[in-house]
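One file, target_1.cif, carrying mmCIF, C-alpha atoms:
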```
data_input
#
loop_
_atom_site.label_atom_id
_atom_site.label_comp_id
_atom_site.auth_asym_id
_atom_site.auth_seq_id
_atom_site.Cartn_x
_atom_site.Cartn_y
_atom_site.Cartn_z
CA MET A 1489 5.67 71.06 -91.92
CA SER A 1490 2.49 69.10 -92.25
CA THR A 1491 4.35 65.94 -91.36
CA THR A 1492 4.93 67.20 -87.85
CA ALA A 1493 1.20 67.30 -87.35
CA THR A 1494 0.49 63.87 -88.70
CA GLU A 1495 3.29 61.66 -87.43
CA THR A 1496 3.14 62.15 -83.72
CA ARG A 1497 -0.30 61.34 -82.59
CA SER A 1498 -0.02 59.45 -79.39
CA VAL A 1499 1.58 59.91 -76.03
CA VAL A 1500 2.92 56.94 -74.13
CA VAL A 1501 4.16 57.06 -70.57
CA GLU A 1502 5.36 53.88 -68.92
CA ARG A 1503 6.76 53.18 -65.49
CA GLU A 1504 7.74 50.32 -63.29
CA VAL A 1505 5.76 50.84 -60.12
CA ALA A 1506 6.63 49.01 -56.91
CA PHE A 1507 3.06 48.10 -56.08
CA PRO A 1508 0.78 45.26 -57.18
CA PRO A 1509 -1.77 45.86 -59.97
CA GLU A 1510 -4.68 45.57 -57.53
CA LYS A 1511 -3.53 48.57 -55.58
CA ILE A 1512 -2.85 50.65 -58.67
CA TRP A 1513 -6.25 49.67 -60.02
CA ARG A 1514 -7.90 51.21 -56.99
CA ALA A 1515 -6.02 54.45 -57.54
CA LEU A 1516 -7.10 54.44 -61.18
CA THR A 1517 -10.77 53.70 -60.57
CA GLN A 1518 -11.93 55.07 -57.21
CA PRO A 1519 -13.11 58.69 -57.53
CA HIS A 1520 -11.67 59.95 -54.25
CA LEU A 1521 -8.31 58.42 -55.15
CA ILE A 1522 -8.40 59.61 -58.77
CA GLU A 1523 -8.93 63.09 -57.43
CA GLU A 1524 -5.71 62.89 -55.46
CA TRP A 1525 -3.46 62.33 -58.43
CA LEU A 1526 -5.47 63.43 -61.47
CA MET A 1527 -8.56 65.61 -61.10
CA LYS A 1528 -11.97 65.84 -59.47
CA ASN A 1529 -14.30 63.41 -61.14
CA ASP A 1530 -17.45 61.32 -61.13
CA PHE A 1531 -15.83 58.23 -62.53
CA LYS A 1532 -17.39 54.77 -62.34
CA PRO A 1533 -15.67 51.66 -63.68
CA ALA A 1534 -18.59 50.80 -65.96
CA VAL A 1535 -18.44 50.65 -69.73
CA ASP A 1536 -20.30 53.55 -71.40
CA HIS A 1537 -20.37 55.57 -68.18
CA ARG A 1538 -19.87 59.24 -68.97
CA PHE A 1539 -17.87 61.33 -66.55
CA ASN A 1540 -15.97 64.58 -66.24
CA LEU A 1541 -12.56 65.36 -64.98
CA ARG A 1542 -12.67 68.85 -63.55
CA ALA A 1543 -10.05 71.42 -62.76
CA ASP A 1544 -10.09 75.17 -62.30
CA TRP A 1545 -9.26 75.65 -65.97
CA GLY A 1546 -12.22 73.63 -67.21
CA ALA A 1547 -13.33 70.07 -67.68
CA VAL A 1548 -12.45 67.01 -69.67
CA ASP A 1549 -15.39 65.01 -71.02
CA CYS A 1550 -14.86 61.29 -70.79
CA GLN A 1551 -16.65 58.03 -71.44
CA VAL A 1552 -15.54 54.62 -70.28
CA LEU A 1553 -14.70 52.31 -73.16
CA ALA A 1554 -13.20 49.24 -71.53
CA VAL A 1555 -12.81 47.89 -68.03
CA GLU A 1556 -10.87 44.76 -67.22
CA PRO A 1557 -10.14 44.87 -63.51
CA ASN A 1558 -6.48 45.04 -62.58
CA LYS A 1559 -5.49 44.84 -66.25
CA THR A 1560 -6.94 47.43 -68.59
CA LEU A 1561 -8.89 50.64 -68.34
CA SER A 1562 -9.78 52.80 -71.30
CA TYR A 1563 -11.78 55.98 -71.66
CA THR A 1564 -12.29 58.79 -74.11
CA TRP A 1565 -10.73 62.13 -73.30
CA ALA A 1566 -12.19 65.23 -74.93
CA ALA A 1567 -11.10 68.74 -74.07
CA TYR A 1568 -10.47 71.90 -76.03
CA GLY A 1569 -11.20 70.19 -79.29
CA LEU A 1570 -8.89 67.27 -78.63
CA GLU A 1571 -10.68 64.00 -79.12
CA SER A 1572 -8.54 61.24 -77.73
CA VAL A 1573 -8.55 57.91 -75.95
CA VAL A 1574 -6.62 57.16 -72.78
CA THR A 1575 -5.76 53.53 -72.16
CA TRP A 1576 -4.15 52.18 -69.02
CA THR A 1577 -2.47 48.81 -69.07
CA LEU A 1578 -1.26 47.06 -65.92
CA THR A 1579 1.16 44.16 -66.24
CA PRO A 1580 2.38 42.38 -63.13
CA THR A 1581 6.15 42.07 -62.77
CA SER A 1582 8.39 40.48 -60.16
CA ALA A 1583 8.93 43.90 -58.60
CA GLY A 1584 5.38 45.17 -58.84
CA THR A 1585 3.64 46.44 -61.96
CA HIS A 1586 4.54 47.75 -65.34
CA LEU A 1587 2.12 50.63 -65.74
CA ARG A 1588 1.51 51.98 -69.22
CA MET A 1589 -0.63 54.93 -70.30
CA GLU A 1590 -1.29 55.63 -73.92
CA GLN A 1591 -3.24 58.62 -75.10
CA SER A 1592 -4.03 58.50 -78.77
CA GLY A 1593 -5.85 61.11 -80.79
CA PHE A 1594 -8.58 60.89 -83.35
CA ARG A 1595 -8.37 62.82 -86.57
CA PRO A 1596 -4.62 62.95 -86.42
CA ASP A 1597 -4.06 65.39 -89.23
CA GLN A 1598 -5.97 68.49 -88.40
CA GLN A 1599 -9.06 68.74 -86.39
CA GLN A 1600 -7.91 68.92 -82.82
CA ALA A 1601 -5.02 71.17 -83.62
CA TYR A 1602 -7.24 73.58 -85.48
CA GLN A 1603 -9.94 73.53 -82.89
CA GLY A 1604 -7.32 74.00 -80.24
CA ALA A 1605 -6.00 76.95 -82.13
CA LYS A 1606 -9.41 78.50 -82.47
CA PHE A 1607 -10.15 78.08 -78.82
CA GLY A 1608 -6.94 79.00 -77.29
CA TRP A 1609 -4.76 80.98 -79.53
CA GLN A 1610 -5.36 84.25 -77.77
CA ARG A 1611 -4.10 82.88 -74.51
CA PHE A 1612 -1.35 81.21 -76.41
CA PHE A 1613 -0.19 84.46 -77.81
CA ALA A 1614 -0.25 86.05 -74.40
CA ASN A 1615 2.15 83.34 -73.34
CA LEU A 1616 4.11 83.84 -76.49
CA GLU A 1617 4.55 87.50 -75.79
CA GLN A 1618 5.84 86.79 -72.32
CA ALA A 1619 8.17 84.21 -73.74
CA LEU A 1620 9.50 86.54 -76.35
CA ALA A 1621 9.95 89.25 -73.77
CA ARG A 1622 12.28 86.96 -71.88
CA THR A 1623 14.18 85.73 -74.93
CA ASP A 1624 16.55 88.60 -75.29
CA MET B 472 11.33 54.01 -61.02
CA THR B 473 12.30 54.47 -64.60
CA PRO B 474 10.22 56.90 -66.61
CA THR B 475 10.39 55.82 -70.20
CA SER B 476 8.30 58.32 -72.01
CA GLN B 477 8.53 58.05 -75.74
CA THR B 478 8.16 61.73 -76.06
CA THR B 479 11.40 63.57 -76.19
CA ALA B 480 10.51 67.17 -76.70
CA LEU B 481 12.60 68.35 -73.81
CA GLN B 482 15.74 67.04 -75.44
CA TRP B 483 15.59 70.04 -77.64
CA THR B 484 16.13 72.59 -74.95
CA GLY B 485 18.94 74.16 -76.88
CA ALA B 486 16.38 76.42 -78.48
CA PRO B 487 15.31 79.15 -76.07
CA LEU B 488 11.71 79.34 -77.21
CA THR B 489 11.16 75.67 -76.63
CA ARG B 490 12.35 75.97 -73.10
CA ILE B 491 10.51 79.15 -72.35
CA ILE B 492 7.22 78.16 -73.88
CA ALA B 493 7.08 75.03 -71.78
CA PRO B 494 4.73 76.15 -69.04
CA PRO B 495 5.70 75.92 -65.40
CA PRO B 496 4.45 72.71 -63.78
CA ARG B 497 1.76 74.31 -61.68
CA SER B 498 0.02 75.86 -64.63
CA ARG B 499 0.73 73.18 -67.18
CA LEU B 500 -2.90 72.23 -67.49
CA THR B 501 -4.00 75.62 -68.63
CA HIS B 502 -1.71 75.38 -71.57
CA ILE B 503 -2.70 72.12 -73.10
CA TYR B 504 -3.03 72.59 -76.82
CA LEU B 505 -2.65 76.29 -76.45
CA GLY B 506 1.02 76.89 -76.31
CA GLY B 507 4.00 74.74 -76.65
CA TYR B 508 6.40 73.13 -78.92
CA THR B 509 6.29 70.33 -81.36
CA LEU B 510 6.94 66.80 -80.36
CA ILE B 511 10.22 65.72 -81.79
CA ASN B 512 10.70 62.03 -82.03
CA SER B 513 11.84 61.80 -85.58
CA PRO B 514 15.06 63.28 -86.93
CA GLN B 515 13.43 64.94 -89.88
CA VAL B 516 11.09 66.82 -87.60
CA ILE B 517 14.01 68.05 -85.55
CA ASP B 518 15.64 69.39 -88.66
CA GLN B 519 12.54 71.22 -89.73
CA MET B 520 11.62 72.71 -86.47
CA PRO B 521 13.87 75.67 -85.78
CA ASP B 522 13.11 77.37 -89.07
CA THR B 523 9.40 76.78 -88.84
CA HIS B 524 9.22 78.08 -85.31
CA ASP B 525 11.48 81.02 -85.93
CA VAL B 526 9.31 82.26 -88.76
CA LEU B 527 6.06 81.82 -86.87
CA PHE B 528 7.31 83.40 -83.69
CA ARG B 529 8.91 86.28 -85.50
CA THR B 530 5.81 86.88 -87.56
CA LEU B 531 3.46 86.89 -84.62
CA ALA B 532 5.67 88.81 -82.24
CA ASP B 533 4.60 92.13 -83.75
CA PRO B 534 1.44 93.36 -81.99
CA THR B 535 -0.05 95.09 -85.03
CA ARG B 536 0.53 92.06 -87.20
CA ARG B 537 -0.84 89.77 -84.58
CA ALA B 538 -3.94 91.95 -84.21
CA LEU B 539 -4.55 91.66 -87.95
CA PHE B 540 -4.20 87.92 -87.78
CA GLU B 541 -6.53 87.77 -84.79
CA ARG B 542 -9.19 89.71 -86.63
CA LEU B 543 -9.00 87.42 -89.61
CA CYS B 544 -9.33 84.45 -87.27
CA ARG B 545 -12.33 85.94 -85.50
CA GLU B 546 -14.15 87.62 -88.34
CA GLY B 547 -13.16 85.67 -91.40
CA GLU B 548 -12.05 86.97 -94.76
CA LYS B 549 -11.41 90.70 -95.05
CA THR B 550 -10.12 93.17 -97.60
CA VAL B 551 -7.10 95.36 -96.95
CA GLY B 552 -9.43 98.34 -96.74
CA ALA B 553 -11.65 96.74 -94.13
CA LEU B 554 -8.64 95.74 -92.09
CA THR B 555 -7.12 99.20 -92.32
CA ALA B 556 -10.28 100.85 -91.03
CA ARG B 557 -9.65 99.48 -87.56
CA ALA B 558 -5.95 98.74 -87.60
CA GLY B 559 -4.70 102.08 -86.36
CA VAL B 560 -2.03 102.17 -89.04
CA SER B 561 -1.93 103.20 -92.68
CA GLN B 562 -3.03 100.98 -95.53
CA PRO B 563 0.54 100.52 -96.83
CA ALA B 564 1.55 99.39 -93.35
CA VAL B 565 -1.35 96.96 -93.24
CA SER B 566 -0.39 95.64 -96.66
CA LYS B 567 3.16 95.15 -95.55
CA HIS B 568 2.09 93.22 -92.45
CA LEU B 569 -0.22 91.08 -94.55
CA GLY B 570 2.68 90.30 -96.83
CA VAL B 571 4.73 89.06 -93.90
CA LEU B 572 1.81 86.98 -92.63
CA LYS B 573 1.39 85.53 -96.07
CA GLN B 574 5.05 84.58 -96.32
CA ALA B 575 4.73 82.73 -93.02
CA GLY B 576 1.71 80.88 -94.39
CA LEU B 577 -0.56 82.46 -91.80
CA VAL B 578 -2.84 84.18 -94.29
CA ARG B 579 -3.92 83.54 -97.85
CA ASP B 580 -4.95 86.16 -100.34
CA ARG B 581 -7.64 86.00 -102.98
CA HIS B 582 -8.00 88.53 -105.74
CA GLN B 583 -11.45 89.61 -106.82
CA GLY B 584 -11.76 92.54 -109.16
CA ARG B 585 -9.65 95.32 -107.74
CA GLN B 586 -9.86 93.99 -104.22
CA THR B 587 -7.63 91.54 -102.43
CA HIS B 588 -9.27 89.46 -99.73
CA TYR B 589 -7.24 87.96 -96.93
CA SER B 590 -8.13 84.99 -94.75
CA ALA B 591 -6.40 83.31 -91.81
CA GLN B 592 -4.73 79.95 -92.30
CA LEU B 593 -4.90 78.31 -88.93
CA GLY B 594 -3.09 75.26 -90.20
CA ALA B 595 0.12 77.26 -90.14
CA LEU B 596 -0.09 77.24 -86.35
CA ALA B 597 -0.07 73.47 -86.16
CA PRO B 598 3.64 73.19 -85.31
CA LEU B 599 3.06 75.35 -82.27
CA ILE B 600 0.08 73.61 -80.84
CA ASP B 601 0.84 69.96 -81.11
CA TRP B 602 -0.98 68.41 -78.21
CA THR B 603 1.23 65.41 -77.75
CA SER B 604 4.13 67.20 -76.12
CA GLN B 605 1.81 69.07 -73.81
CA MET B 606 0.08 65.90 -72.75
CA ALA B 607 3.34 64.05 -72.24
CA GLY B 608 4.44 66.58 -69.66
CA PHE B 609 1.01 66.47 -68.09
CA TRP B 610 1.04 62.70 -67.74
CA GLN B 611 4.57 62.57 -66.37
CA THR B 612 3.45 64.84 -63.56
CA ARG B 613 0.33 62.77 -62.97
CA PHE B 614 2.41 59.62 -62.76
CA ASP B 615 4.48 61.28 -60.06
CA HIS B 616 1.34 62.14 -58.13
CA LEU B 617 -0.03 58.66 -58.63
CA GLU B 618 3.12 57.13 -57.20
CA ASP B 619 2.99 59.48 -54.24
CA LEU B 620 -0.58 58.43 -53.64
CA LEU B 621 0.27 54.73 -53.87
CA LYS B 622 2.92 55.20 -51.20
CA ARG B 623 0.35 56.80 -48.91
CA MET B 624 -2.45 54.32 -49.46
CA ASP B 625 -3.17 51.85 -46.64
CA GLN B 626 -0.44 53.30 -44.53
#
```
Structure encoded using structure tokens:
Amino acid sequence: MSTTATETRSVVVEREVAFPPEKIWRALTQPHLIEEWLMKNDFKPAVDHRFNLRADWGAVDCQVLAVEPNKTLSYTWAAYGLESVVTWTLTPTSAGTHLRMEQSGFRPDQQQAYQGAKFGWQRFFANLEQALARTD
Amino acid sequence: MTPTSQTTALQWTGAPLTRIIAPPPRSRLTHIYLGGYTLINSPQVIDQMPDTHDVLFRTLADPTRRALFERLCREGEKTVGALTARAGVSQPAVSKHLGVLKQAGLVRDRHQGRQTHYSAQLGALAPLIDWTSQMAGFWQTRFDHLEDLLKRMDQ
């Protein structure tokens, strides 16, 4: 059981996007555009800049780690006890851009899961009850 | 467009709980790390999962048992007597529930003199709260929105 918690510690989503890296970069780095596809924010493409991503459920605390225009963008992502890093990689292709997002977590074995449990397990169980009610 | 997520949790939709626990898209964000299923991208995890989940879900489905577990989470270690005082059921019933929680790995007992102290073991919840599968669904949706935005930009 413990292996499930330790082996899968990053999320990767990749897509071929039919637009050049420069255009995608704008969508990834300009606050009013970020808001349209991700969340409200006070992002700035400057290393060490701290910003929040905000939604009605709460906020994600972030700090910019790396900025390489049109190529790489990386920032920390902390919410509900999850300490992670989100890294965007843009690679030009003949058809546009290969866009890759990797979110990797710190402390893979325990901490974020336990903190997440502490914070949210009551709501989780409310969901669980609803789920179980529909199971039969 | 070819989504190529490495996460494959949704392949396991044969199990009802996995499907049901997956939150609806509009409210997905509120569920990050809170509910959900375990990421399954290794065969051995797939094999382990149904049993692990069945036991946890079954154990926590009972409201009285869940309330006991909640108290131990909130208030820390407690004796059977202390738990009974506010449980609304008899001490034998409390003991029985604690036994089930213990079997599921959700509580641990410690004997001291004539008393048995119980404490919550949050680690047992780990299979239910893996953040990776939640985030994978989140990011897939965000990619969709990003692509929609890109189509609209400068047009």
Output of the PyMOL selection byres ((chain A and resi 1548) around 12), listed as a PyMOL selection string: (chain A and resi 1526-1531+1538-1547+1549-1551+1563-1574) or (chain B and resi 500+503)
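A straight line drawn from CA of Ala538 in chain B to CA of Gly594 in chain B is 17.8 Å long.
Picked out by the PyMOL selection byres ((chain B and resi 540) around 10) when it runs on this file: Leu531, Pro534, Thr535, Arg536, Arg537, Ala538, Leu539, Glu541, Arg542, Leu543, Cys544, Arg545, Glu546, Gly547, Leu554, His568, Leu569, Leu572, Leu577, Val578, Tyr589, Ser590, Ala591, Gln592 and Leu593 of chain B.
Between chain B and the candidates A:Asp1536, A:Glu1524, A:Glu1556, A:Glu1510, the tightest atom-to-atom separation, counting all atoms listed in the file, involves A:Glu1524.
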Please report, as lines of an AutoDock Vina configuration file, the centre and edge lengths in Å to one decimal of an axis-aligned box covering all listed atoms of range 1580-1593 of chain A with 8 Å per side.
```
center_x = 1.5
center_y = 50.8
center_z = -69.7
size_x = 30.8
size_y = 36.6
size_z = 38.2
```
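Here the question is which of B:Phe614, B:Ser566, B:Thr530, B:Gly608 gets nearest to Val1505 in chain A using only C-alpha atoms, and that residue is B:Phe614.
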Distance query Leu1521 in chain A at most 8 Å, only C-alpha atoms, self and fewer than 6 positions along chain excluded, as an MDAnalysis selection string: (chainID A and resid 1514:1515) or (chainID B and resid 620)
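With distances taken over all atoms listed in the file, A:Pro1508 is the one residue among A:Pro1557, A:Pro1519, A:Pro1508, A:Pro1533 lying closest to chain B.
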Please return as a count of residues only every residue within 8 Å of (-8.5, 48.8, -67.0), taking into account all atoms listed in the file and the file's own coordinates. 14
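Residues lying within 7 Å of range 1580-1590 of chain A, counting only C-alpha atoms and ignoring same-chain neighbours fewer than 5 positions away, are Ser1498, Val1499, Val1500, Val1501, Glu1502, Arg1503, Glu1504, Val1505, Ala1506, Phe1507, Pro1508, Pro1509, Val1574 and Thr1575 of chain A.
The interatomic distance for the pair CA of Ser1592 in chain A and CA of Ala607 in chain B works out to 11.3 Å.
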Do you have the CA of Val1552 in chain A-CA of Leu621 in chain B distance handy? 22.8 Å
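If all atoms listed in the file are the atoms counted, then among A:Gln1591, A:Thr1517, A:Ile1522, A:Ala1534 the closest residue to Leu1553 in chain A is A:Ala1534.
Compared by their closest atoms to Ala575 in chain B, and using all atoms listed in the file, the residues B:Ala556, B:Met606, B:Phe528, B:Asp615 rank with B:Phe528 nearest.
Considering only C-alpha atoms, the residue among B:Thr587, B:Arg581, B:Ala564, B:Gly576 positioned nearest to chain A is B:Gly576.
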